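Undergrad: Below you'll find the structure I mean.
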Amino acid sequence: MTVREAIAGVHSPAGFAAAVAARVARGGRFCGVFASPAGDGTRLIAVVADGGALCIDETVLAPEERHFASLTPSIPAAAWYEREIHDLFGLEPVGHPRLDPLVFPGASDVAPLRERPTVPAVPAVSAPPASPVELDLSPLPGHVHGEGVFTISYGPVRSGVFETVEYLIETSGEDIPHLRTRVFYKHRGIEARVSGMQVDDGVLAAERVEGVASVAHAIAYCSAVEQMGGVVAPRHADLVRVVHAELERVANHLDTVVRHTEASGQAVAYACFSHHKERVQRLRASLCGSRFGRGVVVPGGVSGPPRLGARELLDALGSLHRAIGDDLHRLMGTPSFVDRLRGTGVLSCDTARRYAAVGPVGRASGQPEDVRTSRPYAAYGRLGQPVPERHDAGDALARQHVRLEEIAGAFHLVRQAVDLLDELGEPDRWSVAVPAVRGRALGWAEAPQGELLSLVEADGGALVRVKHRSASFHNLAAYPAAFPQDIFTDVAFIEASFGLSIAGAAG
Amino acid sequence: MPWIPRGLREGVVTSAYPRRDDGYGAGFSGTVTVAPDLGDAALVRAAAKACPTGAIELTSERPRLDRGRCILCGRCARLAPDTFRVDPGFETAAVARRALVVPPGDGDDAALDEARRTLAARVRVLRRSVHVRHVDAGSDGSEEWEVAALTNPVYDVQRLGIFFTASPKHADLLLVTGVGSTGMSLALRHVYDVMPDPKAVIAVGVDAISGGLLGEGYASGGGVAADVPVDVFVPGSPPSPFGILYGILLATGMLTASLRPSASGAPPEGPAR
C-alpha cells in the first residue's frame, strides 16, 4: 500500500487555525481535528484531505495553556470536534459558536483524556468511579424564537429497537425549524480505555467502536499499525479484508432499506428485506464464525481465509444478489414507498460541501469522494470499481440510490476478490508478524457510513492514544441541516437515510 | 410482481425453534467450553494471561471460564486447544451471574435452582404472552441489530406471543444492551421503575453483564446490574438472535415441557451440558 500521508506543517498555536483554514480554502476537505497529550502539554492535529493525500497540520499547546483559537468560524465541520476536545481535554476553543456539552450531560470538571498515561500503562486508565448523574432537563437555550415555539425532547429512550440518542426538536407544531442531537447518553469512554492496551488488543476495541462497522474499523486501525511497524499485509489477506468489508457494506445498506420500509408501512417489503439482511449476516457468519466479521482482521493480515470454498461462496453471492436486486427493483417501483423519500431531508450540495459530508450522505449531495478509489487501501487498488453516478438531489431518495448502487458494486468487488483468492491459491501465511511499534500513523477505510480515520499513537508495542474518527461523528454536524424543510413524520426517513451509528458518534 | 404474491412466493422461512431444534442456531459458534481434562498447565496459564477481558480464572484446580466476560475472540482456544474450545451453541443464558462461570463450582447448582424458582414464581403470568421493551445503555450498536432481527420472518417472535412495545408502561420484560453508560443510568432506572409488576430484566450481551472489553471506566459502570436488577444474563459479543430469544424464553418460563418435548430431562436453563 502506498502511504500518501504527508506531514504538512507544525505551526505555532496562534497560527494553527489560520493555516488549517487556508488549506480548506484552497479546496481541501476537512477530515477532523483531534487532541492528544504531548509531554505535559497537548498536541492539536488537524487532518485535511487534498486529492489523494492527507495533510496533517499540528501545533503543541503549553501545559498551562487551556485555550486555542477555534476553527469553527471558518470551518463549520469542526464544530463537533472542538466540542469533543473541550469535554475530553478541558481545552476551550475561543470563538466557538456553541459549546453545548457533548460527552457529559452537563458541565463537568472531568477531562478524562488530559493526563497522558505512563507507558507501558496499566490496562485500565484510573478514572473516577461511575456514579448516577442527575440529568439536566432544563431546556437549553433555543435557536428558534417566536410565538408558540417550544422544544420537544425525543429520546433518549425511544419507541422501538434503536440506539439511544436524544433529539431536541424546536418547533411550533409540526415543522422542524431546528433539531439538536445529543449523544452523550451513550458515551462509553472507549478512547480512555484503549490507552495502555497492547496493540493486538486494540483491534478488539476498534471492532467495538461502531459494532455495525467492525470490519472497516479493524482495517483502518490495523493499516495504521502496519504502517508504524513497517510491514505490509499479504496480498491474500488484503483480498480477504475486501470480502468481509464489502459484505458489511451490503448488510448496512440493507439495514437502511429495512428501516425505510418499516417507517413507510410496507409490511411485505419489510419482511423481504429483513430476511435478506438476515441471509447476509448468516453468510458472514459462515465465512468467519461472527455475524459481524469480528476476529477476521488482525494487525499484519487476517486470521484466516473465508471458511467457504470459492465455488460455494460465489453461488451464495449470486443467488443473494439476484434476490436482493429483484426486490430492490420492485421496491423502487412502488410509488407509496418512493414518494416518502423523494424531497425528504434535503441536504443541499453547498451545505454538504461546507460540512465536508462523507459517505453515502455526501455522495448524494454532490461530494463524490469514496476513499476506496481516492486513497485505495487493502486490495481496492487492484480490483475494478465502477465509476459511480453523480447525485446532487441531496434527499433521502438520492441517498437510497447511492446505497443501491453501492450494494451492486459491493457484490461485484466480493466476486472479484473471491476469484483472485481462488487463482492465487493457498498462501504461505495469512498474516505477518508486526514488531513492537512506536510512533504515530493514520489509517483509513471507507466504512458503510463513509470515510473513517484511525489515528494511532503507540510506544513499545502499547497504545498511547487511538482516535477512532467515525463517519457518523463527522456527519453529525451536517445532520440538522436536513430537517428544516420537513415535518415530524419525515424524521424516521431522514434518520434512517443518514444511517448514523450513535455508538460511533458518542465514543 | 406485486408485493403480496411476492410475499407468498418464498413459502415459510420461519424457524421452528423452540418446538424443534434449528440447524442454523445449533451450528452457530456462540460459546467457549472448558474441557474436563486439565490440559497443559503452561498453555492454560498463557491462555488466561492472553484473555483480553480476564475471563479465565485459575484459582481452583481446574480453569474456569466466565462467559459473562468472554467476548468470543477465540484466543484461549488457539493457545490451549486441549482445554478451551469455541463450540456451536446458543443456549448459554442463565438466571444467575455465577452460573455463567463454567464448569460450575460447588454449591452453584443449589443457588441456581433457588434463583430459577424465585424467577418462575414471579413471572408465572407472563408465560403465554409477553411485551418487551428494549433500552440501549451504551452498546456498540451490534446488539440492536440482533434484537431487531427477532421480528424478521426467520425468528418472527410474535408467533410465540412475544411483542415489542414502545412504552415501558406496557412492558413486562426489559432487554438492556450496553455497558451501563453513566449518561443512561438515570433514564434506565426510570424505565424500570415505570414498568408494571411483575417484570423481569434481561442483560443482553457481555457488555451489559460485565462491561465486556471496556469494563469499568469514567463513563461505564461495568454492566447494567448497578442500575437495574438483572434476572437473566445472555452472554455473547453480541449474542445471536437465537441466544437472545433463548434468554427471553428462559425469563418468562416459556421453555416448558410442552414447548420442548425433546428436552432430555436436564434443566434447560443450566450452563452448557
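Here, A, B, ... name the chains of the C-alpha cells in the order displayed, residue numbers run from 1 inside each chain, and ligands are numbered from 1 in the same displayed order.
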With 7 Å as the limit and counting only C-alpha atoms, what residues in chain B lie close to chain A? Please list them as a count of residues only.
TA: 34
Undergrad: Step one, run DSSP on the backbone; step two, keep only residues of region 140-292 of chain A assigned to strand (DSSP E); then write them as a PDB file with N, CA and C atoms, in the first residue's frame.
TA:
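Now in selection.pdb:
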ATOM      1  N   PHE A 150     -41.752  25.780  20.940  1.00  0.00           N
ATOM      2  CA  PHE A 150     -41.360  25.022  22.125  1.00  0.00           C
ATOM      3  C   PHE A 150     -40.396  23.915  21.705  1.00  0.00           C
ATOM      4  N   THR A 151     -39.833  23.260  22.693  1.00  0.00           N
ATOM      5  CA  THR A 151     -38.857  22.221  22.394  1.00  0.00           C
ATOM      6  C   THR A 151     -39.387  20.863  22.831  1.00  0.00           C
ATOM      7  N   ILE A 152     -39.395  19.926  21.895  1.00  0.00           N
ATOM      8  CA  ILE A 152     -39.782  18.549  22.211  1.00  0.00           C
ATOM      9  C   ILE A 152     -38.508  17.741  22.373  1.00  0.00           C
ATOM     10  N   SER A 153     -38.434  16.998  23.457  1.00  0.00           N
ATOM     11  CA  SER A 153     -37.287  16.126  23.632  1.00  0.00           C
ATOM     12  C   SER A 153     -37.718  14.710  23.251  1.00  0.00           C
ATOM     13  N   TYR A 154     -37.129  14.198  22.187  1.00  0.00           N
ATOM     14  CA  TYR A 154     -37.444  12.854  21.708  1.00  0.00           C
ATOM     15  C   TYR A 154     -36.255  11.955  22.022  1.00  0.00           C
ATOM     16  N   GLU A 166     -30.825  11.390  21.781  1.00  0.00           N
ATOM     17  CA  GLU A 166     -31.916  12.310  22.071  1.00  0.00           C
ATOM     18  C   GLU A 166     -31.950  13.407  21.027  1.00  0.00           C
ATOM     19  N   TYR A 167     -33.121  13.646  20.476  1.00  0.00           N
ATOM     20  CA  TYR A 167     -33.304  14.773  19.568  1.00  0.00           C
ATOM     21  C   TYR A 167     -34.094  15.845  20.290  1.00  0.00           C
ATOM     22  N   LEU A 168     -33.588  17.038  20.272  1.00  0.00           N
ATOM     23  CA  LEU A 168     -34.328  18.179  20.793  1.00  0.00           C
ATOM     24  C   LEU A 168     -34.888  18.908  19.588  1.00  0.00           C
ATOM     25  N   ILE A 169     -36.189  18.839  19.421  1.00  0.00           N
ATOM     26  CA  ILE A 169     -36.834  19.421  18.248  1.00  0.00           C
ATOM     27  C   ILE A 169     -37.487  20.730  18.657  1.00  0.00           C
ATOM     28  N   GLU A 170     -36.989  21.810  18.100  1.00  0.00           N
ATOM     29  CA  GLU A 170     -37.602  23.110  18.360  1.00  0.00           C
ATOM     30  C   GLU A 170     -38.656  23.328  17.288  1.00  0.00           C
ATOM     31  N   THR A 171     -39.885  23.533  17.708  1.00  0.00           N
ATOM     32  CA  THR A 171     -40.974  23.525  16.738  1.00  0.00           C
ATOM     33  C   THR A 171     -42.119  24.407  17.197  1.00  0.00           C
ATOM     34  N   HIS A 178     -35.544  23.582  13.748  1.00  0.00           N
ATOM     35  CA  HIS A 178     -34.206  23.272  14.241  1.00  0.00           C
ATOM     36  C   HIS A 178     -34.233  21.990  15.061  1.00  0.00           C
ATOM     37  N   LEU A 179     -33.190  21.218  14.896  1.00  0.00           N
ATOM     38  CA  LEU A 179     -33.087  19.965  15.637  1.00  0.00           C
ATOM     39  C   LEU A 179     -31.674  19.847  16.184  1.00  0.00           C
ATOM     40  N   ARG A 180     -31.593  19.471  17.434  1.00  0.00           N
ATOM     41  CA  ARG A 180     -30.272  19.216  18.011  1.00  0.00           C
ATOM     42  C   ARG A 180     -30.174  17.748  18.423  1.00  0.00           C
ATOM     43  N   THR A 181     -28.995  17.219  18.280  1.00  0.00           N
ATOM     44  CA  THR A 181     -28.762  15.810  18.583  1.00  0.00           C
ATOM     45  C   THR A 181     -27.887  15.726  19.818  1.00  0.00           C
ATOM     46  N   ARG A 182     -28.333  14.976  20.808  1.00  0.00           N
ATOM     47  CA  ARG A 182     -27.492  14.797  21.994  1.00  0.00           C
ATOM     48  C   ARG A 182     -27.120  13.324  22.110  1.00  0.00           C
TER      49      ARG A 182
END
Undergrad: Taking 6 positions as the minimum chain separation for residues in the same chain, which residues sit within 12 Å of Leu317 (chain A) when counting only C-alpha atoms? Answer as a ChimeraX atom specification.
TA: /A:243,246-247,250,276,279-280,282-284,308,310-311,323-325,407-408,410-416,418
Undergrad: Can you spit out the residues from that selection as a PDB file, in the first residue's frame, using C-alpha atoms?
TA:
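Written output follows (out-v4.pdb):
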ATOM      1  CA  VAL A 243     -14.594  -9.722   1.063  1.00  0.00           C
ATOM      2  CA  GLU A 246     -17.983  -5.359   1.291  1.00  0.00           C
ATOM      3  CA  LEU A 247     -20.409  -7.834   2.858  1.00  0.00           C
ATOM      4  CA  VAL A 250     -24.270  -4.786   1.936  1.00  0.00           C
ATOM      5  CA  HIS A 276     -32.306 -10.579   3.019  1.00  0.00           C
ATOM      6  CA  ARG A 279     -29.218 -14.045   4.983  1.00  0.00           C
ATOM      7  CA  VAL A 280     -26.274 -11.664   4.567  1.00  0.00           C
ATOM      8  CA  ARG A 282     -25.615 -15.661   8.111  1.00  0.00           C
ATOM      9  CA  LEU A 283     -23.348 -15.698   5.097  1.00  0.00           C
ATOM     10  CA  ARG A 284     -20.886 -13.509   7.007  1.00  0.00           C
ATOM     11  CA  LEU A 308     -16.486 -21.428   2.482  1.00  0.00           C
ATOM     12  CA  ALA A 310     -14.769 -20.285  -3.675  1.00  0.00           C
ATOM     13  CA  ARG A 311     -17.412 -22.150  -5.678  1.00  0.00           C
ATOM     14  CA  ALA A 323     -32.880 -11.984  -4.871  1.00  0.00           C
ATOM     15  CA  ILE A 324     -31.943  -8.608  -3.418  1.00  0.00           C
ATOM     16  CA  GLY A 325     -31.770  -6.929  -6.822  1.00  0.00           C
ATOM     17  CA  ILE A 407     -24.807  -2.795  -2.968  1.00  0.00           C
ATOM     18  CA  ALA A 408     -24.328  -3.832  -6.612  1.00  0.00           C
ATOM     19  CA  ALA A 410     -20.037  -4.448  -3.298  1.00  0.00           C
ATOM     20  CA  PHE A 411     -21.176  -7.763  -4.792  1.00  0.00           C
ATOM     21  CA  HIS A 412     -19.001  -7.053  -7.826  1.00  0.00           C
ATOM     22  CA  LEU A 413     -15.969  -6.426  -5.600  1.00  0.00           C
ATOM     23  CA  VAL A 414     -16.531  -9.532  -3.479  1.00  0.00           C
ATOM     24  CA  ARG A 415     -16.803 -11.728  -6.569  1.00  0.00           C
ATOM     25  CA  GLN A 416     -13.558 -10.326  -7.960  1.00  0.00           C
ATOM     26  CA  VAL A 418     -13.016 -14.397  -4.320  1.00  0.00           C
TER      27      VAL A 418
END
Undergrad: For Gly27 (chain B), work out the shell of residues within 9 Å, counting only C-alpha atoms and skipping chain neighbours fewer than 6 positions away, then give it as JSON, numbers by chain.
TA: {"B": [87, 88, 89, 90]}
Undergrad: Can you spit out the residues from that selection as an mmCIF file, in the first residue's frame, using all heavy atoms?
TA:
data_model
loop_
_atom_site.group_PDB
_atom_site.id
_atom_site.type_symbol
_atom_site.label_atom_id
_atom_site.label_comp_id
_atom_site.auth_asym_id
_atom_site.auth_seq_id
_atom_site.Cartn_x
_atom_site.Cartn_y
_atom_site.Cartn_z
ATOM 1 N N ASP B 87 -17.266 -23.527 20.608
ATOM 2 C CA ASP B 87 -18.223 -24.562 20.235
ATOM 3 C C ASP B 87 -19.503 -23.956 19.689
ATOM 4 O O ASP B 87 -19.844 -22.824 20.006
ATOM 5 C CB ASP B 87 -18.573 -25.408 21.460
ATOM 6 C CG ASP B 87 -17.640 -26.599 21.587
ATOM 7 O OD1 ASP B 87 -17.030 -26.976 20.559
ATOM 8 O OD2 ASP B 87 -17.496 -27.135 22.701
ATOM 9 N N PRO B 88 -20.208 -24.748 18.866
ATOM 10 C CA PRO B 88 -21.525 -24.278 18.466
ATOM 11 C C PRO B 88 -22.484 -24.321 19.652
ATOM 12 O O PRO B 88 -22.278 -25.087 20.597
ATOM 13 C CB PRO B 88 -21.950 -25.283 17.394
ATOM 14 C CG PRO B 88 -20.992 -26.404 17.456
ATOM 15 C CD PRO B 88 -19.829 -26.014 18.279
ATOM 16 N N GLY B 89 -23.486 -23.486 19.577
ATOM 17 C CA GLY B 89 -24.482 -23.473 20.648
ATOM 18 C C GLY B 89 -24.860 -22.051 20.999
ATOM 19 O O GLY B 89 -24.032 -21.154 20.896
ATOM 20 N N PHE B 90 -26.111 -21.864 21.351
ATOM 21 C CA PHE B 90 -26.544 -20.513 21.702
ATOM 22 C C PHE B 90 -27.335 -20.498 23.001
ATOM 23 O O PHE B 90 -27.693 -19.449 23.486
ATOM 24 C CB PHE B 90 -27.383 -19.920 20.568
ATOM 25 C CG PHE B 90 -28.639 -20.709 20.273
ATOM 26 C CD1 PHE B 90 -29.813 -20.420 20.961
ATOM 27 C CD2 PHE B 90 -28.636 -21.734 19.350
ATOM 28 C CE1 PHE B 90 -30.960 -21.146 20.719
ATOM 29 C CE2 PHE B 90 -29.782 -22.466 19.102
ATOM 30 C CZ PHE B 90 -30.948 -22.176 19.790
#
Undergrad: DSSP on the backbone: what in region 170-248 of chain A comes out helix (DSSP H, G or I), as a PyMOL selection string?
TA: chain A and resi 184-186+190-194+199-207+211-229+235-248
Undergrad: Pick from B:Met195, B:Leu8, B:Leu58, B:Ala94: nearest to Gly243 (chain B), with only C-alpha atoms counted?
TA: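 Closest to Gly243 (chain B), using only C-alpha atoms: B:Ala94.
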Undergrad: Just the number, please: distance in Å from CA of Asp197 (chain B) to CA of Ala93 (chain B), one decimal.
TA: 22.7 Å
Undergrad: What's the 12 Å shell around Asp109 (chain B), counting only C-alpha atoms, without same-chain residues fewer than 2 positions away, as an MDAnalysis selection string?
TA: chainID B and resid 94:96 98:107 111:116 267 269:271
Undergrad: Excluding region 219-221 of chain A and residues on its chain fewer than 4 positions from it, collect all residues at most 10 Å away from it, counting only C-alpha atoms, and give them as a ChimeraX atom specification.
TA: /A:199,202-203,205-207,214-215,225-226,238,241-242,245,296-299,301-302,377-378,441-447,451-456,466-468
Undergrad: For Gly9 (chain A), work out the shell of residues within 7 Å, counting only C-alpha atoms and skipping chain neighbours fewer than 6 positions away, then give it as a PyMOL selection string.
TA: chain A and resi 56-58
Undergrad: Rounded to one decimal place, report the CA of Phe89 (chain A)-CA of Gly460 (chain A) distance in Å.
TA: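 CA of Gly460 (chain A) lies 24.3 Å from CA of Phe89 (chain A).
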Undergrad: Restricting the calculation to only C-alpha atoms, which member of B:Leu119, B:Arg159, B:Pro239, B:Gly253 is positioned closest to Asp207 (chain B)?
TA: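 Residue with the minimum atom-to-atom distance to Asp207 (chain B): B:Pro239.
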Undergrad: Report, in Å with one decimal, the straight-line distance from CA of Ser303 (chain A) to CA of Pro435 (chain A).
TA: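 Going from CA of Ser303 (chain A) over to CA of Pro435 (chain A) covers 17.3 Å.
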